[in-house]
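One file, final20.cif, carrying mmCIF, C-alpha atoms:
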data_structure
loop_
_atom_site.label_atom_id
_atom_site.label_comp_id
_atom_site.auth_asym_id
_atom_site.auth_seq_id
_atom_site.Cartn_x
_atom_site.Cartn_y
_atom_site.Cartn_z
CA MET A 614 3.66 21.12 -16.38
CA THR A 615 1.66 19.46 -19.15
CA CYS A 616 1.53 15.69 -18.85
CA ARG A 617 0.66 13.23 -21.58
CA LEU A 618 0.30 9.47 -21.73
CA ILE A 619 3.78 8.08 -22.26
CA THR A 620 4.90 4.67 -23.39
CA LEU A 621 6.42 2.41 -20.82
CA LEU A 622 10.08 2.25 -21.75
CA PHE A 623 10.92 -0.97 -20.08
CA LEU A 624 9.75 -4.51 -19.55
CA LEU A 625 9.13 -5.13 -15.89
CA SER A 626 10.14 -8.68 -15.03
CA VAL A 627 9.42 -9.97 -11.55
CA CYS A 628 9.51 -13.67 -10.77
CA HIS A 629 6.52 -15.28 -9.10
CA MET A 630 8.21 -17.02 -6.23
CA ASN A 631 6.61 -18.85 -3.38
CA GLY A 632 7.85 -16.07 -1.09
CA GLN A 633 6.20 -13.23 -2.97
CA ALA A 634 4.60 -10.80 -0.56
CA ASN A 635 1.09 -9.47 -0.36
CA THR A 636 2.59 -6.06 -1.05
CA GLU A 637 5.94 -5.21 -2.60
CA VAL A 638 8.07 -2.06 -2.80
CA TYR A 639 9.20 -1.04 -6.29
CA LEU A 640 11.98 1.41 -7.09
CA PHE A 641 12.45 3.34 -10.36
CA ASP A 642 14.84 5.86 -11.80
CA LEU A 643 12.95 9.12 -12.39
CA SER A 644 13.71 11.54 -15.21
CA PHE A 645 11.83 14.19 -17.14
CA GLU A 646 11.38 14.69 -20.88
CA ASN A 647 9.81 18.00 -21.93
CA GLY A 648 8.47 18.29 -18.41
CA ASN A 649 6.92 14.81 -18.47
CA PRO A 650 8.01 12.22 -15.85
CA ILE A 651 9.56 8.99 -17.13
CA LEU A 652 10.18 5.89 -15.04
CA SER A 653 12.94 3.43 -15.93
CA ASN A 654 15.25 0.76 -14.45
CA PRO A 655 12.55 -0.96 -12.35
CA LYS A 656 13.42 -3.05 -9.30
CA ASN A 657 11.37 -4.99 -6.80
CA ILE A 658 13.43 -4.03 -3.75
CA SER A 659 11.45 -6.00 -1.16
CA ASN A 660 10.65 -9.35 -2.84
CA ASN A 661 9.62 -10.77 0.50
CA GLU A 662 6.80 -12.85 1.94
CA GLY A 663 4.50 -10.69 4.04
CA TYR A 664 3.96 -6.96 4.46
CA ASP A 665 6.39 -4.60 2.70
CA ASN A 666 5.22 -1.00 2.69
CA GLN A 667 5.63 2.70 3.47
CA PRO A 668 8.84 3.60 1.60
CA SER A 669 10.66 6.88 2.24
CA PHE A 670 14.10 8.20 1.30
CA LEU A 671 16.74 8.60 3.99
CA ASP A 672 18.79 10.42 1.35
CA ASP A 673 18.93 10.40 -2.45
CA ASP A 674 20.54 6.95 -2.52
CA THR A 675 18.98 5.20 0.47
CA VAL A 676 15.44 3.84 0.88
CA LEU A 677 13.68 2.98 4.12
CA PHE A 678 10.58 0.79 4.32
CA SER A 679 8.73 -1.49 6.74
CA SER A 680 9.19 -5.18 6.01
CA THR A 681 8.00 -8.44 7.54
CA ARG A 682 10.44 -10.93 9.03
CA GLU A 683 9.78 -13.72 11.53
CA ASP A 684 6.16 -12.68 12.14
CA GLN A 685 6.97 -9.06 12.97
CA THR A 686 7.49 -5.89 10.97
CA ASP A 687 10.84 -4.09 11.20
CA ILE A 688 12.45 -1.21 9.35
CA LEU A 689 14.80 -2.08 6.50
CA GLN A 690 17.42 0.32 5.13
CA LEU A 691 18.53 -0.27 1.56
CA ASN A 692 21.54 1.37 -0.10
CA ILE A 693 20.84 1.75 -3.82
CA ASN A 694 24.41 2.44 -4.98
CA GLU A 695 25.93 -0.48 -3.10
CA GLY A 696 24.14 -3.25 -4.93
CA LEU A 697 20.92 -2.75 -3.00
CA THR A 698 22.67 -3.67 0.25
CA ALA A 699 20.06 -4.09 2.99
CA THR A 700 20.44 -3.45 6.73
CA TRP A 701 17.83 -3.94 9.42
CA VAL A 702 17.44 -0.79 11.49
CA THR A 703 15.06 -2.16 14.12
CA ASN A 704 14.57 -5.46 15.90
CA THR A 705 11.86 -5.18 18.54
CA PRO A 706 10.58 -8.58 19.78
CA THR A 707 7.74 -6.88 21.68
CA GLY A 708 6.39 -4.90 18.75
CA SER A 709 6.52 -3.91 15.08
CA GLU A 710 7.59 -0.69 13.38
CA TYR A 711 5.96 1.22 10.55
CA SER A 712 6.26 4.46 8.52
CA PRO A 713 9.99 5.23 8.85
CA LEU A 714 11.22 8.81 8.26
CA LYS A 715 14.58 10.58 8.57
CA ILE A 716 14.73 12.88 11.60
CA PRO A 717 16.11 16.32 10.64
CA GLY A 718 19.65 17.00 11.91
CA LYS A 719 20.13 13.53 13.41
CA ASN A 720 21.63 10.23 12.39
CA ALA A 721 18.33 8.66 13.32
CA ILE A 722 14.90 7.78 12.02
CA SER A 723 11.43 7.91 13.52
CA ALA A 724 8.87 5.14 13.18
CA ILE A 725 5.51 4.15 14.58
CA ARG A 726 5.80 1.20 16.97
CA LEU A 727 2.80 -1.02 17.60
CA ASP A 728 3.53 -3.16 20.66
CA LEU A 729 2.05 -6.59 21.32
CA ASP A 730 -0.05 -5.11 24.14
CA GLY A 731 -1.68 -2.67 21.68
CA LEU A 732 0.29 0.45 22.66
CA GLN A 733 1.00 2.61 19.60
CA ARG A 734 3.60 5.36 19.91
CA LEU A 735 6.25 7.22 17.88
CA TYR A 736 9.89 6.31 18.58
CA GLU A 737 13.34 7.49 17.55
CA TYR A 738 15.88 4.87 16.37
CA ASP A 739 19.60 5.57 16.26
CA LEU A 740 20.91 4.41 12.87
CA LYS A 741 24.26 3.37 14.31
CA THR A 742 23.18 1.53 17.46
CA GLY A 743 19.51 0.77 16.79
CA LYS A 744 18.66 2.11 20.27
CA SER A 745 15.11 3.42 20.56
CA THR A 746 13.71 6.37 22.51
CA GLY A 747 10.12 7.48 22.82
CA ILE A 748 9.25 10.75 21.04
CA SER A 749 5.57 11.35 21.76
CA TYR A 750 2.79 10.06 23.97
CA LEU A 751 0.19 10.69 21.25
CA LYS A 752 -1.37 7.75 19.40
CA ILE A 753 0.04 8.78 16.03
CA GLY A 754 -1.01 7.03 12.84
CA TYR A 755 1.24 8.87 10.35
CA HIS A 756 3.71 11.71 10.74
CA LEU A 757 5.86 14.26 8.91
CA TRP A 758 8.83 16.24 10.21
CA TYR A 759 8.22 19.94 9.45
CA ASN A 760 11.46 20.76 11.23
CA LYS A 761 13.43 19.28 14.12
CA ASP A 762 10.93 20.59 16.69
CA ILE A 763 7.59 20.36 14.88
CA LEU A 764 5.72 17.25 13.82
CA VAL A 765 2.66 17.30 11.60
CA CYS A 766 0.82 14.09 12.33
CA THR A 767 -2.45 12.23 12.13
CA VAL A 768 -3.65 11.23 15.59
CA LEU A 769 -6.05 8.33 16.04
CA VAL A 770 -9.30 9.42 17.69
CA GLY A 771 -12.06 6.85 17.67
CA ASN A 772 -12.50 5.51 14.15
CA GLN A 773 -10.81 8.42 12.38
CA MET A 774 -7.57 10.39 12.26
CA ASN A 775 -7.23 14.08 13.09
CA LEU A 776 -4.56 16.45 11.76
CA VAL A 777 -2.40 17.69 14.65
CA VAL A 778 0.63 19.99 14.77
CA HIS A 779 2.75 18.67 17.63
CA ASN A 780 5.45 21.02 18.96
CA LEU A 781 8.02 18.85 20.72
CA LYS A 782 9.90 21.83 22.16
CA ASP A 783 6.88 23.61 23.65
CA LYS A 784 5.00 20.33 24.28
CA THR A 785 1.89 21.78 22.65
CA ASN A 786 -0.64 20.25 20.27
CA TYR A 787 -3.14 21.91 17.99
CA THR A 788 -5.79 20.03 16.01
CA HIS A 789 -6.32 21.74 12.64
CA GLN A 790 -8.84 19.35 11.11
CA THR A 791 -10.73 16.18 11.92
CA ASN A 792 -11.06 13.14 9.65
CA VAL A 793 -7.96 13.23 7.48
CA GLY A 794 -5.99 10.68 5.45
CA ARG A 795 -2.54 9.16 5.82
CA SER A 796 -0.73 11.08 3.06
CA LEU A 797 1.39 13.90 4.54
CA HIS A 798 4.03 15.67 2.44
CA LYS A 799 6.05 18.85 2.35
CA ILE A 800 5.25 20.93 -0.73
CA PRO A 801 8.67 21.55 -2.37
CA GLY A 802 9.90 25.14 -2.36
CA THR A 803 7.26 26.33 0.13
CA ASP A 804 6.60 26.50 3.87
CA LEU A 805 3.48 24.39 3.43
CA ILE A 806 2.53 20.74 3.82
CA SER A 807 -0.25 18.86 2.07
CA TYR A 808 -2.77 16.47 3.54
CA ILE A 809 -5.96 14.67 2.51
CA SER A 810 -9.28 15.89 3.92
CA LYS A 811 -12.01 13.24 4.20
CA LYS A 812 -14.68 15.48 5.70
CA ASN A 813 -16.84 15.29 2.57
CA ASN A 814 -17.79 12.47 0.21
CA THR A 815 -15.28 13.82 -2.31
CA TRP A 816 -11.89 13.93 -0.65
CA THR A 817 -9.68 16.98 -1.18
CA ILE A 818 -5.95 17.68 -1.12
CA ASN A 819 -5.35 20.71 1.10
CA SER A 820 -2.32 22.75 2.09
CA LEU A 821 -1.51 23.73 5.67
CA ASN A 822 0.94 26.25 7.05
CA PRO A 823 1.85 24.59 10.38
CA ILE A 824 2.98 27.91 11.87
CA THR A 825 0.03 30.13 10.98
CA GLY A 826 -2.59 27.40 10.68
CA ALA A 827 -3.74 28.66 7.28
CA ILE A 828 -5.51 26.00 5.23
CA LYS A 829 -6.28 26.11 1.51
CA LYS A 830 -7.81 23.59 -0.87
CA ILE A 831 -5.51 22.53 -3.71
CA THR A 832 -7.73 20.13 -5.64
CA ASN A 833 -9.90 17.03 -5.33
CA THR A 834 -8.22 13.66 -5.06
CA TYR A 835 -8.50 11.35 -8.04
CA LYS A 836 -11.44 9.03 -7.28
CA ASN A 837 -10.78 9.32 -3.54
CA GLU A 838 -7.32 7.77 -3.86
CA GLU A 839 -5.52 7.83 -0.53
CA ASP A 840 -1.91 8.49 -1.56
CA VAL A 841 -0.27 11.41 -3.34
CA CYS A 842 3.26 12.79 -3.63
CA TRP A 843 4.89 15.92 -5.08
CA LEU A 844 7.21 15.83 -8.10
CA ASP A 845 7.81 19.58 -7.73
CA LYS A 846 5.97 22.48 -6.10
CA ASN A 847 3.33 22.49 -8.86
CA THR A 848 2.96 18.80 -9.73
CA LEU A 849 1.17 16.10 -7.77
CA VAL A 850 1.36 12.39 -8.60
CA THR A 851 -1.06 9.65 -7.50
CA GLY A 852 -1.74 6.00 -8.20
CA SER A 853 -5.00 4.36 -9.19
CA GLY A 854 -5.17 0.65 -9.87
CA LYS A 855 -2.40 -0.08 -12.37
CA SER A 856 -1.98 3.57 -13.44
CA MET A 857 -0.17 6.69 -12.31
CA LEU A 858 -1.53 10.19 -12.89
CA THR A 859 -0.35 13.76 -12.35
CA TYR A 860 -2.07 17.05 -11.58
CA ASP A 861 -0.65 20.49 -12.42
CA THR A 862 -1.69 23.04 -9.80
CA GLN A 863 -0.90 25.91 -12.18
CA THR A 864 -3.11 24.85 -15.08
CA GLU A 865 -5.69 23.17 -12.78
CA VAL A 866 -6.82 20.79 -15.51
CA ALA A 867 -8.02 17.25 -14.77
CA TRP A 868 -5.75 14.51 -13.46
CA ASP A 869 -3.64 13.34 -16.40
CA PRO A 870 -2.65 9.65 -16.87
CA ILE A 871 1.08 9.33 -17.46
CA ILE A 872 1.65 5.59 -17.35
CA ARG A 873 -0.25 2.31 -17.08
CA PHE A 874 1.46 -0.90 -16.03
CA GLU A 875 0.19 -3.90 -17.97
CA GLN A 876 2.24 -6.35 -15.92
CA GLU A 877 0.33 -8.67 -13.59
CA GLU A 878 2.71 -7.79 -10.73
CA ILE A 879 1.62 -4.16 -10.48
CA ASN A 880 -1.79 -3.67 -8.85
CA ASN A 881 -3.36 -0.99 -6.67
CA ILE A 882 -0.42 1.44 -6.61
CA THR A 883 -0.06 3.24 -3.25
CA ARG A 884 2.47 4.89 -0.91
CA ILE A 885 4.44 6.92 -3.44
CA ALA A 886 7.75 8.54 -2.42
CA VAL A 887 10.24 10.69 -4.39
CA ASN A 888 13.79 11.51 -3.32
CA LYS A 889 14.88 15.12 -2.80
CA SER A 890 16.76 15.37 -6.11
CA ARG A 891 13.79 13.97 -8.08
CA THR A 892 15.94 11.18 -9.53
CA ARG A 893 14.19 8.20 -7.94
CA LEU A 894 10.62 7.18 -7.20
CA ALA A 895 9.30 4.33 -5.07
CA PHE A 896 5.81 2.96 -4.66
CA VAL A 897 3.98 -0.02 -3.20
CA ALA A 898 1.90 -2.43 -5.27
CA GLU A 899 -0.18 -5.48 -4.46
CA GLU A 900 0.69 -8.92 -5.76
CA SER A 901 -0.96 -10.37 -8.85
CA PRO A 902 -4.55 -11.63 -8.54
CA ARG A 903 -3.15 -14.89 -10.01
CA VAL A 904 -1.01 -15.38 -6.87
CA ILE A 905 -3.92 -14.64 -4.52
CA VAL A 906 -6.21 -17.10 -6.30
CA GLN A 907 -3.45 -19.72 -6.35
CA LYS A 908 -3.05 -19.37 -2.56
CA GLN A 909 -6.80 -19.89 -2.27
CA LEU A 910 -6.57 -23.04 -4.41
CA GLU A 911 -3.71 -24.52 -2.41
CA ALA A 912 -5.54 -23.91 0.87
CA TYR A 913 -8.69 -25.46 -0.62
CA ASN A 914 -6.84 -28.61 -1.63
CA ALA A 915 -5.20 -28.80 1.80
CA ARG A 916 -8.62 -28.24 3.42
CA ASP A 917 -6.96 -25.50 5.51
CA ILE A 918 -9.94 -23.35 6.44
CA ASP A 919 -7.90 -20.50 8.00
CA ALA A 920 -5.56 -20.11 5.04
CA PHE A 921 -8.50 -20.50 2.65
CA MET A 922 -10.59 -17.79 4.30
CA ASP A 923 -7.59 -15.46 4.62
CA THR A 924 -7.70 -14.92 0.84
CA TYR A 925 -11.27 -13.57 0.97
CA ALA A 926 -12.66 -10.14 1.84
CA ASP A 927 -15.13 -9.71 4.69
CA ASN A 928 -17.86 -8.75 2.21
CA ILE A 929 -17.26 -11.71 -0.12
CA LYS A 930 -20.19 -12.72 -2.33
CA LEU A 931 -20.60 -16.03 -4.15
CA TYR A 932 -22.74 -16.18 -7.30
CA ASP A 933 -24.14 -18.72 -9.68
CA PHE A 934 -23.81 -17.36 -13.22
CA PRO A 935 -24.89 -14.85 -14.22
CA ASN A 936 -25.95 -12.96 -11.08
CA LYS A 937 -27.70 -15.20 -8.54
CA VAL A 938 -26.25 -14.63 -5.06
CA THR A 939 -25.76 -17.97 -3.28
CA MET A 940 -23.74 -16.87 -0.27
CA GLU A 941 -22.73 -13.55 1.28
CA GLY A 942 -20.27 -12.67 4.03
CA LYS A 943 -17.09 -14.24 5.32
CA ALA A 944 -18.64 -15.72 8.48
CA LYS A 945 -21.27 -17.66 6.56
CA MET A 946 -18.71 -18.81 4.01
CA ARG A 947 -16.38 -20.04 6.75
CA GLU A 948 -19.19 -22.02 8.38
CA HIS A 949 -20.13 -23.65 5.08
CA TYR A 950 -16.62 -24.58 3.97
CA SER A 951 -15.52 -25.78 7.43
CA THR A 952 -18.24 -28.42 7.27
CA PHE A 953 -17.51 -29.18 3.62
CA PHE A 954 -13.77 -29.67 4.21
CA LYS A 955 -14.38 -32.04 7.14
CA SER A 956 -16.92 -34.16 5.28
CA THR A 957 -14.96 -34.45 2.01
CA PRO A 958 -11.63 -36.23 2.58
CA ASP A 959 -10.97 -36.74 -1.16
CA LEU A 960 -11.61 -33.09 -2.06
CA TYR A 961 -9.23 -31.87 -4.76
CA CYS A 962 -9.38 -29.14 -7.39
CA GLU A 963 -7.25 -29.30 -10.52
CA ILE A 964 -6.86 -26.29 -12.80
CA LYS A 965 -7.03 -27.10 -16.50
CA ASN A 966 -6.84 -23.52 -17.79
CA ARG A 967 -6.35 -20.13 -16.14
CA ILE A 968 -6.78 -16.67 -17.66
CA VAL A 969 -5.98 -13.38 -15.90
CA ILE A 970 -7.70 -10.21 -17.14
CA GLY A 971 -7.10 -7.16 -14.98
CA ASN A 972 -8.36 -7.99 -11.48
CA LYS A 973 -10.25 -11.08 -12.68
CA VAL A 974 -8.97 -14.66 -12.70
CA ILE A 975 -10.93 -17.20 -14.74
CA ASP A 976 -10.26 -20.83 -13.86
CA GLU A 977 -11.46 -23.92 -15.70
CA GLU A 978 -11.55 -26.51 -12.92
CA TYR A 979 -11.91 -30.24 -12.40
CA VAL A 980 -13.09 -30.89 -8.83
CA THR A 981 -13.05 -34.30 -7.15
CA VAL A 982 -15.84 -34.62 -4.56
CA ASN A 983 -16.78 -37.91 -2.86
CA GLY A 984 -15.47 -40.00 -5.73
CA SER A 985 -17.04 -37.91 -8.48
CA LYS A 986 -15.38 -35.45 -10.83
CA ILE A 987 -17.12 -32.17 -11.59
CA SER A 988 -16.14 -29.80 -14.38
CA ALA A 989 -16.77 -26.10 -13.69
CA VAL A 990 -15.59 -22.56 -14.35
CA ALA A 991 -14.96 -20.08 -11.53
CA ILE A 992 -14.48 -16.34 -12.05
CA TYR A 993 -12.63 -14.64 -9.18
CA GLU A 994 -12.52 -10.87 -8.70
CA VAL A 995 -9.77 -9.39 -6.52
CA GLU A 996 -9.71 -5.97 -4.86
CA ASN A 997 -7.22 -4.64 -2.32
CA GLY A 998 -5.45 -7.98 -2.13
CA LYS A 999 -8.55 -10.06 -1.31
CA ILE A 1000 -11.11 -12.04 -3.32
CA VAL A 1001 -14.35 -10.04 -3.21
CA LYS A 1002 -16.51 -11.99 -5.66
CA VAL A 1003 -16.67 -15.52 -7.08
CA THR A 1004 -19.02 -16.49 -9.90
CA PHE A 1005 -19.47 -20.21 -10.62
CA VAL A 1006 -20.39 -21.33 -14.13
CA ASP A 1007 -21.56 -24.96 -14.41
#
For this file, produce the structure as structure tokens.
Amino acid sequence: MTCRLITLLFLLSVCHMNGQANTEVYLFDLSFENGNPILSNPKNISNNEGYDNQPSFLDDDTVLFSSTREDQTDILQLNINEGLTATWVTNTPTGSEYSPLKIPGKNAISAIRLDLDGLQRLYEYDLKTGKSTGISYLKIGYHLWYNKDILVCTVLVGNQMNLVVHNLKDKTNYTHQTNVGRSLHKIPGTDLISYISKKNNTWTINSLNPITGAIKKITNTYKNEEDVCWLDKNTLVTGSGKSMLTYDTQTEVAWDPIIRFEQEEINNITRIAVNKSRTRLAFVAEESPRVIVQKQLEAYNARDIDAFMDTYADNIKLYDFPNKVTMEGKAKMREHYSTFFKSTPDLYCEIKNRIVIGNKVIDEEYVTVNGSKISAVAIYEVENGKIVKVTFVD
């Protein structure tokens, strides 16, 4: 399939509400024009404060994803044809659920449960009653149902994940590769699954036959992106930043950009899922850098050190323009601002102008400090939902 850059056929409109989440799940209608994928009819189907992630399709018209409510993460089921009617599948006060998948031949789903005591296991959840039953004793990170008896999964070992074929009927496990990624998918029209190998600096997408154990490299990932999905047996799709790209395994040419989202709401596209009929596509995107920086500002004005630091990455660096490092690391920054907040009761920052360009937010600020007003410009850079760099211009 030859892919070309296509024009976005719709205007994506998502309101910036106070309850906007750190990550959101977006749903699109998927069609093809001369073999090229086209996305239309966009919907933010989570629109929720907190963590919304890991979409999968229960059937062509039903989406599952993990979603935050009341300080825990449960599985939400959403019926597309019934006005996006949502039903909670799980409600586990002692833990949270992630990565929901339909179990073959059952009116049930599987999901990873992380209990409050740190125990992480795979459970089955009856869709009618919500009753849960343990499936495996392995510490599974991500999983894929090859058939009703065989799971292909990533098992947590130390600081990495290993690719394991887990036979539930025979109660056997076989590790096929160490150090793999989270993206596991059946390759349509074949007996193979795909996974990401992280053994080398350049990550690769490989195929595995879970029965024979045969492994074959398909291609390199695009810039070590973690998530891929299959549009058909020859076409892979991935996300990178605000763009989506495809790769044709028949022509084996470079990854081909098919769409770029210019909207602020779409950032760092991950966790792509396509329904069986190839009529719908879902993915996860991070909130706008504008929202993250605004949360930082509100916490600053409230002198709330925990909320303030929560917007920053562990490797945060502060600069004086153009490139003089003045502070490095979250621990040092917390120590500095904790003292500053306590000693400055009249601290207040007012934004006069704000410009958003890609992952950068440029604020013209008036800051009140100990009775004085200071005019300054701050340039914030956001990656993976956190502020990683701030440059101050006097």
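Atom to atom, atom CA of A:Asn983 and atom CA of A:Lys999 stand 29.1 Å apart.
Of the residues under consideration (A:Asp739, A:Glu710, A:Asp642, A:Asp845), A:Asp642 shows the shortest atom-to-atom contact distance to A:Arg893 when counting all atoms listed in the file.
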Name the residues in contact with A:Phe670 at a cut-off of 9 Å, using all atoms listed in the file, excluding same-chain residues fewer than 4 positions from it; report them as number ranges by chain. A: 674-678, 714-715, 886-889, 895
Residues as selected, C-alpha atoms, written as a compact mmCIF listing (two decimals), keeping the file's coordinate frame, can you do that?
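So the final result, stored in result34.txt, reads:
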# COMPACT_ATOMS: atom_id res chain seq x y z
CA ASP A 674 20.54 6.95 -2.52
CA THR A 675 18.98 5.20 0.47
CA VAL A 676 15.44 3.84 0.88
CA LEU A 677 13.68 2.98 4.12
CA PHE A 678 10.58 0.79 4.32
CA LEU A 714 11.22 8.81 8.26
CA LYS A 715 14.58 10.58 8.57
CA ALA A 886 7.75 8.54 -2.42
CA VAL A 887 10.24 10.69 -4.39
CA ASN A 888 13.79 11.51 -3.32
CA LYS A 889 14.88 15.12 -2.80
CA ALA A 895 9.30 4.33 -5.07
Exercise: A:Arg891 partners within 8 Å, only C-alpha atoms, chain neighbours under 4 positions left out, as a short mmCIF file (atom, residue, chain, number, x, y, z; two decimals) with C-alpha atoms, in the coordinates of the input:
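Everything below was put into result_6.cif:
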data_model
loop_
_atom_site.label_atom_id
_atom_site.label_comp_id
_atom_site.auth_asym_id
_atom_site.auth_seq_id
_atom_site.Cartn_x
_atom_site.Cartn_y
_atom_site.Cartn_z
CA LEU A 643 12.95 9.12 -12.39
CA SER A 644 13.71 11.54 -15.21
CA LEU A 844 7.21 15.83 -8.10
CA VAL A 887 10.24 10.69 -4.39
#
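Here atom CA of A:Phe641 and atom CA of A:Ile693 stand 10.8 Å from one another.
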Output of the PyMOL selection byres ((chain A and resi 741-747) around 9), listed as a PyMOL selection string: chain A and resi 701-704+720-721+734-740+748-750
Which residues would end up in the selection if the PyMOL selection byres ((chain A and resi 975) around 6) were applied here, given that I need the answer as a PDB file with C-alpha atoms, in the frame of the given file?
ATOM      1  CA  ARG A 967      -6.350 -20.130 -16.140  1.00  0.00           C
ATOM      2  CA  ILE A 968      -6.780 -16.670 -17.660  1.00  0.00           C
ATOM      3  CA  VAL A 974      -8.970 -14.660 -12.700  1.00  0.00           C
ATOM      4  CA  ASP A 976     -10.260 -20.830 -13.860  1.00  0.00           C
ATOM      5  CA  ALA A 991     -14.960 -20.080 -11.530  1.00  0.00           C
ATOM      6  CA  ILE A 992     -14.480 -16.340 -12.050  1.00  0.00           C
TER       7      ILE A 992
END
Need the shell around A:Val1006: protein/DNA/RNA residues with any atom at most 7 Å away, counting only C-alpha atoms. Skip same-chain ones fewer than 3 positions apart. Format as a list in words?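 In the requested form, the answer reads Asp933, Phe934, Ala989, Val990 and Ala991 of chain A.
Using all atoms listed in the file, the nearest neighbour of A:Asn936 within the list A:Val1003, A:Thr859, A:Val765, A:Glu838 is A:Val1003.
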Can you spell out as JSON, numbers by chain the set of residues that the PyMOL selection byres ((chain A and resi 820-827) around 10) selects in the structure I just provided? {"A": [759, 763, 764, 765, 776, 777, 778, 779, 780, 787, 788, 789, 797, 798, 799, 800, 803, 804, 805, 806, 807, 808, 809, 810, 817, 818, 819, 828, 829, 830, 831, 832]}
Expected file contents, prior selection, C-alpha atoms, as a PDB file, keeping the file's coordinate frame:
ATOM      1  CA  TYR A 759       8.220  19.940   9.450  1.00  0.00           C
ATOM      2  CA  ILE A 763       7.590  20.360  14.880  1.00  0.00           C
ATOM      3  CA  LEU A 764       5.720  17.250  13.820  1.00  0.00           C
ATOM      4  CA  VAL A 765       2.660  17.300  11.600  1.00  0.00           C
ATOM      5  CA  LEU A 776      -4.560  16.450  11.760  1.00  0.00           C
ATOM      6  CA  VAL A 777      -2.400  17.690  14.650  1.00  0.00           C
ATOM      7  CA  VAL A 778       0.630  19.990  14.770  1.00  0.00           C
ATOM      8  CA  HIS A 779       2.750  18.670  17.630  1.00  0.00           C
ATOM      9  CA  ASN A 780       5.450  21.020  18.960  1.00  0.00           C
ATOM     10  CA  TYR A 787      -3.140  21.910  17.990  1.00  0.00           C
ATOM     11  CA  THR A 788      -5.790  20.030  16.010  1.00  0.00           C
ATOM     12  CA  HIS A 789      -6.320  21.740  12.640  1.00  0.00           C
ATOM     13  CA  LEU A 797       1.390  13.900   4.540  1.00  0.00           C
ATOM     14  CA  HIS A 798       4.030  15.670   2.440  1.00  0.00           C
ATOM     15  CA  LYS A 799       6.050  18.850   2.350  1.00  0.00           C
ATOM     16  CA  ILE A 800       5.250  20.930  -0.730  1.00  0.00           C
ATOM     17  CA  THR A 803       7.260  26.330   0.130  1.00  0.00           C
ATOM     18  CA  ASP A 804       6.600  26.500   3.870  1.00  0.00           C
ATOM     19  CA  LEU A 805       3.480  24.390   3.430  1.00  0.00           C
ATOM     20  CA  ILE A 806       2.530  20.740   3.820  1.00  0.00           C
ATOM     21  CA  SER A 807      -0.250  18.860   2.070  1.00  0.00           C
ATOM     22  CA  TYR A 808      -2.770  16.470   3.540  1.00  0.00           C
ATOM     23  CA  ILE A 809      -5.960  14.670   2.510  1.00  0.00           C
ATOM     24  CA  SER A 810      -9.280  15.890   3.920  1.00  0.00           C
ATOM     25  CA  THR A 817      -9.680  16.980  -1.180  1.00  0.00           C
ATOM     26  CA  ILE A 818      -5.950  17.680  -1.120  1.00  0.00           C
ATOM     27  CA  ASN A 819      -5.350  20.710   1.100  1.00  0.00           C
ATOM     28  CA  ILE A 828      -5.510  26.000   5.230  1.00  0.00           C
ATOM     29  CA  LYS A 829      -6.280  26.110   1.510  1.00  0.00           C
ATOM     30  CA  LYS A 830      -7.810  23.590  -0.870  1.00  0.00           C
ATOM     31  CA  ILE A 831      -5.510  22.530  -3.710  1.00  0.00           C
ATOM     32  CA  THR A 832      -7.730  20.130  -5.640  1.00  0.00           C
TER      33      THR A 832
END
Sel. within 12 Å of pt (-11.5, 6.6, 16.8), counting only C-alpha atoms, output as a ChimeraX atom specification: /A:752-754,767-775,791-793
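Coordinates place atom CA of A:Lys855 at a distance of 26.4 Å from atom CA of A:Tyr932.
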When you count only C-alpha atoms, which of these residues is closest to A:Leu858: A:Pro650, A:Gln790, A:Asp1007, A:Pro713?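 Going through A:Pro650, A:Gln790, A:Asp1007, A:Pro713 one by one, the smallest distance to A:Leu858 is for A:Pro650.
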Neighbour list for A:Tyr639 as an MDAnalysis selection string, cut-off 9 Å, all atoms listed in the file, skip fewer than 4 positions in-chain: chainID A and resid 655:659 894:898
Polymer residues at most 9 Å from A:Asn972, all atoms listed in the file, same-chain spacing of 2 or more positions, as a list in words: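 Within the cut-off, the hits are Glu877, Asn880, Ser901, Pro902, Arg903, Val969, Ile970, Val974, Tyr993, Glu994, Val995 and Glu996 of chain A.
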For A:Ile716, the nearest of the candidates A:Asn786, A:Lys937, A:Trp758, A:Leu697, counting all atoms listed in the file: A:Trp758
Between A:Ala699, A:Trp843, A:Ile1000, A:Gly971, which residue has the minimum interatomic distance to A:Phe921, considering only C-alpha atoms? A:Ile1000
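Compared by their closest atoms to A:Asp869, and using all atoms listed in the file, the residues A:Trp816, A:Leu671, A:Tyr835, A:Asn847 rank with A:Tyr835 nearest.
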Select all residues near (4.1, 8.1, -5.3) (cut-off 6 Å, inclusive, file coordinates), counting all atoms listed in the file, and output them as an mmCIF file with C-alpha atoms, keeping the file's coordinate frame.
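Produced file selection-v8.cif, reproduced below:
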data_model
loop_
_atom_site.group_PDB
_atom_site.id
_atom_site.type_symbol
_atom_site.label_atom_id
_atom_site.label_comp_id
_atom_site.auth_asym_id
_atom_site.auth_seq_id
_atom_site.Cartn_x
_atom_site.Cartn_y
_atom_site.Cartn_z
ATOM 1 C CA VAL A 841 -0.270 11.410 -3.340
ATOM 2 C CA CYS A 842 3.260 12.790 -3.630
ATOM 3 C CA THR A 851 -1.060 9.650 -7.500
ATOM 4 C CA ARG A 884 2.470 4.890 -0.910
ATOM 5 C CA ILE A 885 4.440 6.920 -3.440
ATOM 6 C CA ALA A 886 7.750 8.540 -2.420
ATOM 7 C CA PHE A 896 5.810 2.960 -4.660
#
